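Enquirer: Hey, dropping protein_35.txt in here, compact mmCIF, C-alpha atoms:
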```
# COMPACT_ATOMS: atom_id res chain seq x y z
CA MET I 1 0.00 0.00 0.00
CA ASN I 2 1.21 3.45 -0.92
CA THR I 3 -0.22 6.87 -0.35
CA TYR I 4 -1.02 8.87 -3.45
CA GLU I 5 -2.25 12.33 -4.10
CA THR I 6 -4.23 13.32 -7.16
CA VAL I 7 -5.05 16.84 -8.23
CA PHE I 8 -7.49 17.12 -11.09
CA ILE I 9 -9.08 19.99 -12.96
CA MET I 10 -12.65 19.83 -14.19
CA ASN I 11 -14.38 21.70 -16.95
CA PRO I 12 -15.58 25.14 -15.72
CA VAL I 13 -18.96 24.85 -17.44
CA LEU I 14 -20.11 22.08 -15.06
CA SER I 15 -22.75 22.82 -12.42
CA GLU I 16 -22.00 22.22 -8.75
CA ASP I 17 -23.94 18.95 -8.78
CA GLN I 18 -22.02 17.70 -11.78
CA VAL I 19 -18.74 18.50 -10.04
CA LYS I 20 -19.85 16.52 -6.99
CA GLU I 21 -20.96 13.67 -9.20
CA THR I 22 -17.59 13.55 -10.97
CA VAL I 23 -15.71 13.54 -7.67
CA GLN I 24 -18.00 10.80 -6.34
CA LYS I 25 -17.24 8.68 -9.38
CA PHE I 26 -13.50 8.73 -8.72
CA VAL I 27 -13.89 8.25 -4.97
CA GLY I 28 -16.08 5.25 -5.74
CA HIS I 29 -13.47 3.90 -8.12
CA ILE I 30 -10.82 3.99 -5.39
CA LYS I 31 -13.14 2.29 -2.91
CA THR I 32 -14.11 -0.54 -5.24
CA ASN I 33 -10.40 -1.26 -5.71
CA LYS I 34 -9.79 -1.69 -1.97
CA GLY I 35 -8.29 1.77 -1.57
CA ALA I 36 -9.15 4.27 1.14
CA VAL I 37 -9.59 8.01 0.67
CA THR I 38 -7.82 9.76 3.53
CA HIS I 39 -8.28 13.38 2.59
CA GLU I 40 -10.29 15.54 0.20
CA GLU I 41 -9.94 19.17 -0.67
CA ASN I 42 -12.09 21.32 -2.87
CA TRP I 43 -10.15 24.29 -4.19
CA GLY I 44 -13.12 25.58 -6.17
CA LEU I 45 -12.99 27.52 -9.42
CA LYS I 46 -9.47 28.74 -10.12
CA LYS I 47 -7.83 30.58 -12.95
CA LEU I 48 -5.40 28.48 -14.99
CA LYS I 49 -1.98 29.96 -15.68
CA TYR I 50 -2.27 28.83 -19.30
CA ALA I 51 -5.20 27.68 -21.41
CA ILE I 52 -5.99 23.94 -21.45
CA GLN I 53 -8.35 22.85 -24.24
CA LYS I 54 -9.06 26.57 -24.74
CA LYS I 55 -10.36 26.90 -21.18
CA LYS I 56 -8.95 29.53 -18.89
CA THR I 57 -10.52 28.43 -15.61
CA GLY I 58 -11.32 25.12 -13.95
CA PHE I 59 -12.62 23.41 -10.83
CA TYR I 60 -9.68 22.05 -8.83
CA TYR I 61 -10.05 19.04 -6.58
CA LEU I 62 -7.50 17.15 -4.51
CA LEU I 63 -7.79 13.53 -3.38
CA GLU I 64 -5.35 11.84 -1.01
CA PHE I 65 -5.74 8.08 -0.81
CA GLN I 66 -4.06 4.83 0.09
CA ALA I 67 -4.05 2.10 -2.52
CA ASP I 68 -1.96 -0.55 -4.19
CA GLY I 69 0.21 0.59 -7.04
CA GLU I 70 -1.52 -1.62 -9.59
CA ILE I 71 -4.78 0.29 -9.54
CA ILE I 72 -3.18 3.61 -10.46
CA ASN I 73 -3.00 2.76 -14.15
CA ASP I 74 -6.72 1.96 -14.32
CA PHE I 75 -7.45 5.01 -12.24
CA GLU I 76 -5.66 7.27 -14.70
CA VAL I 77 -7.39 5.63 -17.63
CA GLU I 78 -10.70 6.62 -16.00
CA PHE I 79 -9.54 10.24 -16.01
CA LYS I 80 -8.55 10.00 -19.62
CA ARG I 81 -11.98 8.67 -20.61
CA ASP I 82 -13.91 11.24 -18.64
CA GLU I 83 -14.58 14.32 -20.72
CA ARG I 84 -15.43 16.43 -17.70
CA VAL I 85 -11.82 16.29 -16.50
CA ILE I 86 -9.36 18.42 -18.45
CA ARG I 87 -6.15 17.73 -16.50
CA TRP I 88 -5.01 15.42 -13.71
CA GLN I 89 -1.82 14.52 -11.91
CA THR I 90 -1.17 11.65 -9.51
CA VAL I 91 1.87 11.77 -7.28
CA ARG I 92 3.15 9.19 -4.81
CA LEU I 93 3.88 10.69 -1.40
CA ASP I 94 7.27 9.80 0.10
CA LYS I 95 8.05 10.05 3.81
CA PHE I 96 8.79 13.77 3.68
CA ALA I 97 5.64 14.44 1.72
CA LEU I 98 3.58 12.44 4.23
CA GLU I 99 4.91 14.51 7.12
CA TYR I 100 4.15 17.66 5.21
CA ALA I 101 0.66 16.46 4.28
CA GLU I 102 -0.12 15.75 7.97
CA ARG I 103 0.93 19.24 8.98
CA ARG I 104 -1.03 20.74 6.13
CA LYS I 105 -4.18 18.87 7.15
CA LYS I 106 -3.84 20.01 10.76
CA LYS I 107 -3.40 23.59 9.65
CA LEU I 108 -6.45 23.41 7.43
CA SER I 109 -8.63 21.89 10.15
CA THR I 110 -7.62 24.55 12.72
CA ASN I 111 -8.24 27.29 10.17
CA ALA I 112 -11.68 25.88 9.47
CA LYS I 113 -12.52 25.82 13.20
CA GLU I 114 -11.51 29.46 13.67
CA LYS I 115 -13.84 30.48 10.91
CA MET B 1 42.58 64.00 -0.50
CA ALA B 2 40.68 63.78 -3.76
CA ASN B 3 42.82 60.82 -4.87
CA THR B 4 41.25 58.37 -2.38
CA ASP B 5 37.72 59.16 -3.59
CA VAL B 6 38.58 58.32 -7.19
CA LYS B 7 39.77 54.85 -6.18
CA TYR B 8 36.31 53.72 -5.06
CA LEU B 9 34.14 55.01 -7.89
CA ASN B 10 32.81 51.45 -8.32
CA PRO B 11 31.59 49.90 -5.06
CA VAL B 12 33.53 46.81 -3.94
CA ASP B 13 30.72 44.29 -3.39
CA VAL B 14 32.24 41.06 -4.70
CA GLU B 15 33.12 39.70 -1.25
CA LEU B 16 29.82 40.80 0.27
CA ARG B 17 27.77 38.82 -2.23
CA ASN B 18 29.52 35.57 -1.34
CA GLN B 19 28.72 35.97 2.33
CA ASN B 20 24.99 36.23 1.74
CA LYS B 21 24.62 32.93 -0.12
CA TYR B 22 23.06 29.98 1.72
CA CYS B 23 20.52 27.25 1.10
CA ARG B 24 17.16 28.45 2.39
CA PHE B 25 15.73 24.95 2.67
CA LYS B 26 18.57 23.73 4.86
CA LYS B 27 18.44 26.82 7.04
CA MET B 28 14.66 26.76 7.47
CA GLY B 29 14.51 22.99 7.95
CA ILE B 30 12.16 22.44 4.99
CA THR B 31 12.24 18.80 3.90
CA TYR B 32 9.45 18.73 1.32
CA ILE B 33 8.87 21.37 -1.33
CA ASP B 34 5.15 21.51 -2.05
CA TYR B 35 4.11 21.79 -5.69
CA LYS B 36 0.66 23.03 -4.61
CA ASP B 37 2.04 26.32 -3.31
CA PRO B 38 2.81 28.45 -6.40
CA ASP B 39 3.49 31.63 -4.41
CA PHE B 40 6.38 29.96 -2.64
CA LEU B 41 7.81 28.43 -5.83
CA MET B 42 7.56 31.82 -7.52
CA ARG B 43 10.55 33.01 -5.45
CA PHE B 44 12.79 30.66 -7.37
CA LEU B 45 11.65 31.69 -10.84
CA ASN B 46 12.62 34.65 -12.99
CA ASP B 47 9.94 36.76 -14.62
CA GLN B 48 9.85 34.49 -17.65
CA GLY B 49 8.88 31.62 -15.38
CA LYS B 50 12.26 29.89 -15.67
CA ILE B 51 13.90 28.20 -12.69
CA LEU B 52 16.73 30.32 -11.32
CA PRO B 53 20.17 28.67 -11.19
CA ARG B 54 21.78 27.67 -7.92
CA ARG B 55 24.45 30.23 -8.67
CA ILE B 56 21.91 32.92 -7.85
CA THR B 57 19.62 31.37 -5.23
CA GLY B 58 22.37 29.53 -3.32
CA ASN B 59 20.27 26.32 -2.98
CA SER B 60 22.08 23.10 -2.20
CA LEU B 61 22.13 20.52 -4.99
CA LYS B 62 19.73 18.22 -3.12
CA PHE B 63 17.05 20.87 -2.80
CA GLN B 64 17.63 22.36 -6.22
CA ARG B 65 16.72 18.94 -7.66
CA ARG B 66 13.61 18.66 -5.50
CA LEU B 67 12.66 22.22 -6.33
CA ALA B 68 12.92 21.50 -10.04
CA VAL B 69 10.57 18.51 -9.68
CA SER B 70 8.05 20.58 -7.73
CA VAL B 71 8.09 23.43 -10.22
CA LYS B 72 7.51 20.99 -13.09
CA ARG B 73 4.60 19.39 -11.23
CA ALA B 74 3.08 22.79 -10.57
CA ARG B 75 3.36 23.61 -14.26
CA GLN B 76 1.57 20.41 -15.22
CA ILE B 77 -1.54 21.34 -13.22
CA ALA B 78 -1.48 24.94 -14.45
CA LEU B 79 -0.52 26.50 -11.12
CA LEU B 80 2.57 27.93 -12.81
CA PRO B 81 3.01 28.88 -16.47
CA TYR B 82 5.40 27.08 -18.80
CA VAL B 83 6.15 30.33 -20.57
CA ALA B 84 5.40 33.84 -19.34
CA ASP B 85 6.38 37.40 -20.07
CA ASN B 86 5.83 39.39 -16.89
CA LEU B 87 5.33 36.92 -14.09
CA LYS B 88 6.25 39.29 -11.27
```
Please rewrite the model in this file as structure tokens.
Expert:
Amino acid sequence: MNTYETVFIMNPVLSEDQVKETVQKFVGHIKTNKGAVTHEENWGLKKLKYAIQKKKTGFYYLLEFQADGEIINDFEVEFKRDERVIRWQTVRLDKFALEYAERRKKKLSTNAKEK
Amino acid sequence: MANTDVKYLNPVDVELRNQNKYCRFKKMGITYIDYKDPDFLMRFLNDQGKILPRRITGNSLKFQRRLAVSVKRARQIALLPYVADNLK
């Protein structure tokens, strides 16, 4: 089991429900392959620094999950087939990245409480 | 005398520059350079969006390599541009 982190960008023309539905689809895909989602982050609509498929904005979403390495290929194929997703990137977290991710999560949760 | 003033028309700053160089990551105890934080990565880019050489930033080789990976990841998910004109 490794820990992975995927950031993906969805088409800006989607409605909020469609965004949720897309995210649910990928979360479900991880779960059916015996993976576990440990963290989710919705960055919302962000401006892209360069146009992708002629789009200048996109919905960003981050998934952190634990899974076996074999499922990553299938997982990425799912992204490729889905037309709602315009860009994705999966990264394996090493020990330094895991430490950093823990601290980042703590920071985010305390920030959320203060608000 | 006027002679001494003429000697130092150009400021002697060669030695000073060397003293200021150090690896920020080592000094600050940063072990992981996050690709999701474009504002931080921006400090190591010039205004064309190119990665600055170690010669200028003073990074150690270890962290320069990690920095390069992070910048490239950030570019992939459009948090940083591949090419830019006036980034800063």
Enquirer: Output the contact residues of chain I with respect to chain B at a cut-off of 10 Å, based on all atoms listed in the file, as an NGL selection string.
Expert: :I and (7-9 or 46-52 or 56-58 or 60 or 86-91 or 94-101)
Enquirer: What is the CA of Gly69 (chain I) to CA of Val23 (chain I) distance in Å?
Expert: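 Interatomic distance here is 20.5 Å.
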Enquirer: Could you check how far CA of Asn86 (chain B) sits from CA of Gly49 (chain B), in Å to one decimal?
Expert: 8.5 Å
Enquirer: Give me the residues near Ala67 (chain I) as a PyMOL selection string, where near means some atom within 9 Å (using all atoms listed in the file) and where sequence neighbours in that chain fewer than 3 positions away do not count.
Expert: chain I and resi 1-4+30+33-37+70-72
Enquirer: So what do you get for CA of His29 (chain I) versus CA of Leu45 (chain I), distance-wise?
Expert: 23.7 Å
Enquirer: For His39 (chain I), which residue out of I:Phe26, I:Phe59, I:Phe65, I:Phe79 is the nearest one, using all atoms listed in the file?
Expert: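 Smallest distance to His39 (chain I) is found for I:Phe65.
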Enquirer: Let me have the centre and edge lengths of the axis-aligned box enclosing all listed atoms of region 76-94 of chain I with 3 Å padding on every side, in Å to one decimal, as lines of an AutoDock Vina configuration file.
Expert:
```
center_x = -4.1
center_y = 12.0
center_z = -10.3
size_x = 28.7
size_y = 18.8
size_z = 26.8
```
Enquirer: For region 43-78 of chain B, where the input has fewer atoms than it should, I would like N, CA and C atoms rebuilt and written as a CSV table (one decimal), in the coordinates of the input.
Expert:
```
chain,number,residue,atom,x,y,z
B,43,ARG,N,9.3,32.4,-5.9
B,43,ARG,CA,10.6,33.0,-5.4
B,43,ARG,C,11.8,32.5,-6.2
B,44,PHE,N,11.6,31.3,-6.7
B,44,PHE,CA,12.8,30.7,-7.4
B,44,PHE,C,12.7,30.7,-8.9
B,45,LEU,N,11.8,31.6,-9.4
B,45,LEU,CA,11.6,31.7,-10.8
B,45,LEU,C,12.0,33.1,-11.2
B,46,ASN,N,12.4,33.3,-12.5
B,46,ASN,CA,12.6,34.6,-13.0
B,46,ASN,C,11.3,35.1,-13.6
B,47,ASP,N,11.3,36.3,-14.2
B,47,ASP,CA,9.9,36.8,-14.6
B,47,ASP,C,9.5,36.1,-15.9
B,48,GLN,N,10.3,35.3,-16.5
B,48,GLN,CA,9.8,34.5,-17.6
B,48,GLN,C,9.3,33.1,-17.2
B,49,GLY,N,9.4,32.9,-15.9
B,49,GLY,CA,8.9,31.6,-15.4
B,49,GLY,C,9.9,30.5,-15.4
B,50,LYS,N,11.2,30.9,-15.6
B,50,LYS,CA,12.3,29.9,-15.7
B,50,LYS,C,12.8,29.7,-14.3
B,51,ILE,N,13.3,28.5,-14.0
B,51,ILE,CA,13.9,28.2,-12.7
B,51,ILE,C,15.3,28.9,-12.6
B,52,LEU,N,15.5,29.6,-11.5
B,52,LEU,CA,16.7,30.3,-11.3
B,52,LEU,C,17.8,29.3,-11.0
B,53,PRO,N,19.1,29.6,-11.5
B,53,PRO,CA,20.2,28.7,-11.2
B,53,PRO,C,20.6,28.8,-9.7
B,54,ARG,N,21.3,27.7,-9.3
B,54,ARG,CA,21.8,27.7,-7.9
B,54,ARG,C,22.8,28.8,-7.7
B,55,ARG,N,23.5,29.1,-8.7
B,55,ARG,CA,24.4,30.2,-8.7
B,55,ARG,C,23.8,31.5,-8.0
B,56,ILE,N,22.6,31.7,-8.3
B,56,ILE,CA,21.9,32.9,-7.8
B,56,ILE,C,21.2,32.7,-6.5
B,57,THR,N,20.4,31.6,-6.4
B,57,THR,CA,19.6,31.4,-5.2
B,57,THR,C,20.4,30.8,-4.1
B,58,GLY,N,21.6,30.1,-4.4
B,58,GLY,CA,22.4,29.5,-3.3
B,58,GLY,C,21.8,28.2,-2.8
B,59,ASN,N,20.8,27.6,-3.4
B,59,ASN,CA,20.3,26.3,-3.0
B,59,ASN,C,21.3,25.2,-3.0
B,60,SER,N,21.2,24.3,-2.1
B,60,SER,CA,22.1,23.1,-2.2
B,60,SER,C,21.6,22.2,-3.3
B,61,LEU,N,22.5,21.3,-3.8
B,61,LEU,CA,22.1,20.5,-5.0
B,61,LEU,C,20.9,19.7,-4.7
B,62,LYS,N,20.9,19.1,-3.5
B,62,LYS,CA,19.7,18.2,-3.1
B,62,LYS,C,18.4,18.9,-3.3
B,63,PHE,N,18.3,20.2,-2.8
B,63,PHE,CA,17.0,20.9,-2.8
B,63,PHE,C,16.8,21.5,-4.1
B,64,GLN,N,17.8,21.8,-4.9
B,64,GLN,CA,17.6,22.4,-6.2
B,64,GLN,C,16.9,21.3,-7.1
B,65,ARG,N,17.3,20.0,-6.9
B,65,ARG,CA,16.7,18.9,-7.7
B,65,ARG,C,15.3,18.8,-7.3
B,66,ARG,N,15.0,18.8,-6.0
B,66,ARG,CA,13.6,18.7,-5.5
B,66,ARG,C,12.8,19.8,-5.9
B,67,LEU,N,13.4,21.0,-5.9
B,67,LEU,CA,12.7,22.2,-6.3
B,67,LEU,C,12.2,22.1,-7.8
B,68,ALA,N,13.2,21.6,-8.6
B,68,ALA,CA,12.9,21.5,-10.0
B,68,ALA,C,11.7,20.6,-10.3
B,69,VAL,N,11.7,19.5,-9.5
B,69,VAL,CA,10.6,18.5,-9.7
B,69,VAL,C,9.3,19.2,-9.3
B,70,SER,N,9.3,19.9,-8.2
B,70,SER,CA,8.0,20.6,-7.7
B,70,SER,C,7.6,21.6,-8.7
B,71,VAL,N,8.5,22.4,-9.3
B,71,VAL,CA,8.1,23.4,-10.2
B,71,VAL,C,7.5,22.8,-11.4
B,72,LYS,N,8.0,21.7,-11.9
B,72,LYS,CA,7.5,21.0,-13.1
B,72,LYS,C,6.1,20.4,-12.8
B,73,ARG,N,5.9,19.9,-11.6
B,73,ARG,CA,4.6,19.4,-11.2
B,73,ARG,C,3.6,20.5,-11.2
B,74,ALA,N,4.0,21.6,-10.6
B,74,ALA,CA,3.1,22.8,-10.6
B,74,ALA,C,2.7,23.3,-12.0
B,75,ARG,N,3.7,23.2,-12.9
B,75,ARG,CA,3.4,23.6,-14.3
B,75,ARG,C,2.3,22.7,-14.9
B,76,GLN,N,2.5,21.4,-14.6
B,76,GLN,CA,1.6,20.4,-15.2
B,76,GLN,C,0.1,20.7,-14.9
B,77,ILE,N,-0.1,21.1,-13.6
B,77,ILE,CA,-1.5,21.3,-13.2
B,77,ILE,C,-1.9,22.8,-13.3
B,78,ALA,N,-1.2,23.5,-14.1
B,78,ALA,CA,-1.5,24.9,-14.4
B,78,ALA,C,-1.5,25.9,-13.2
```
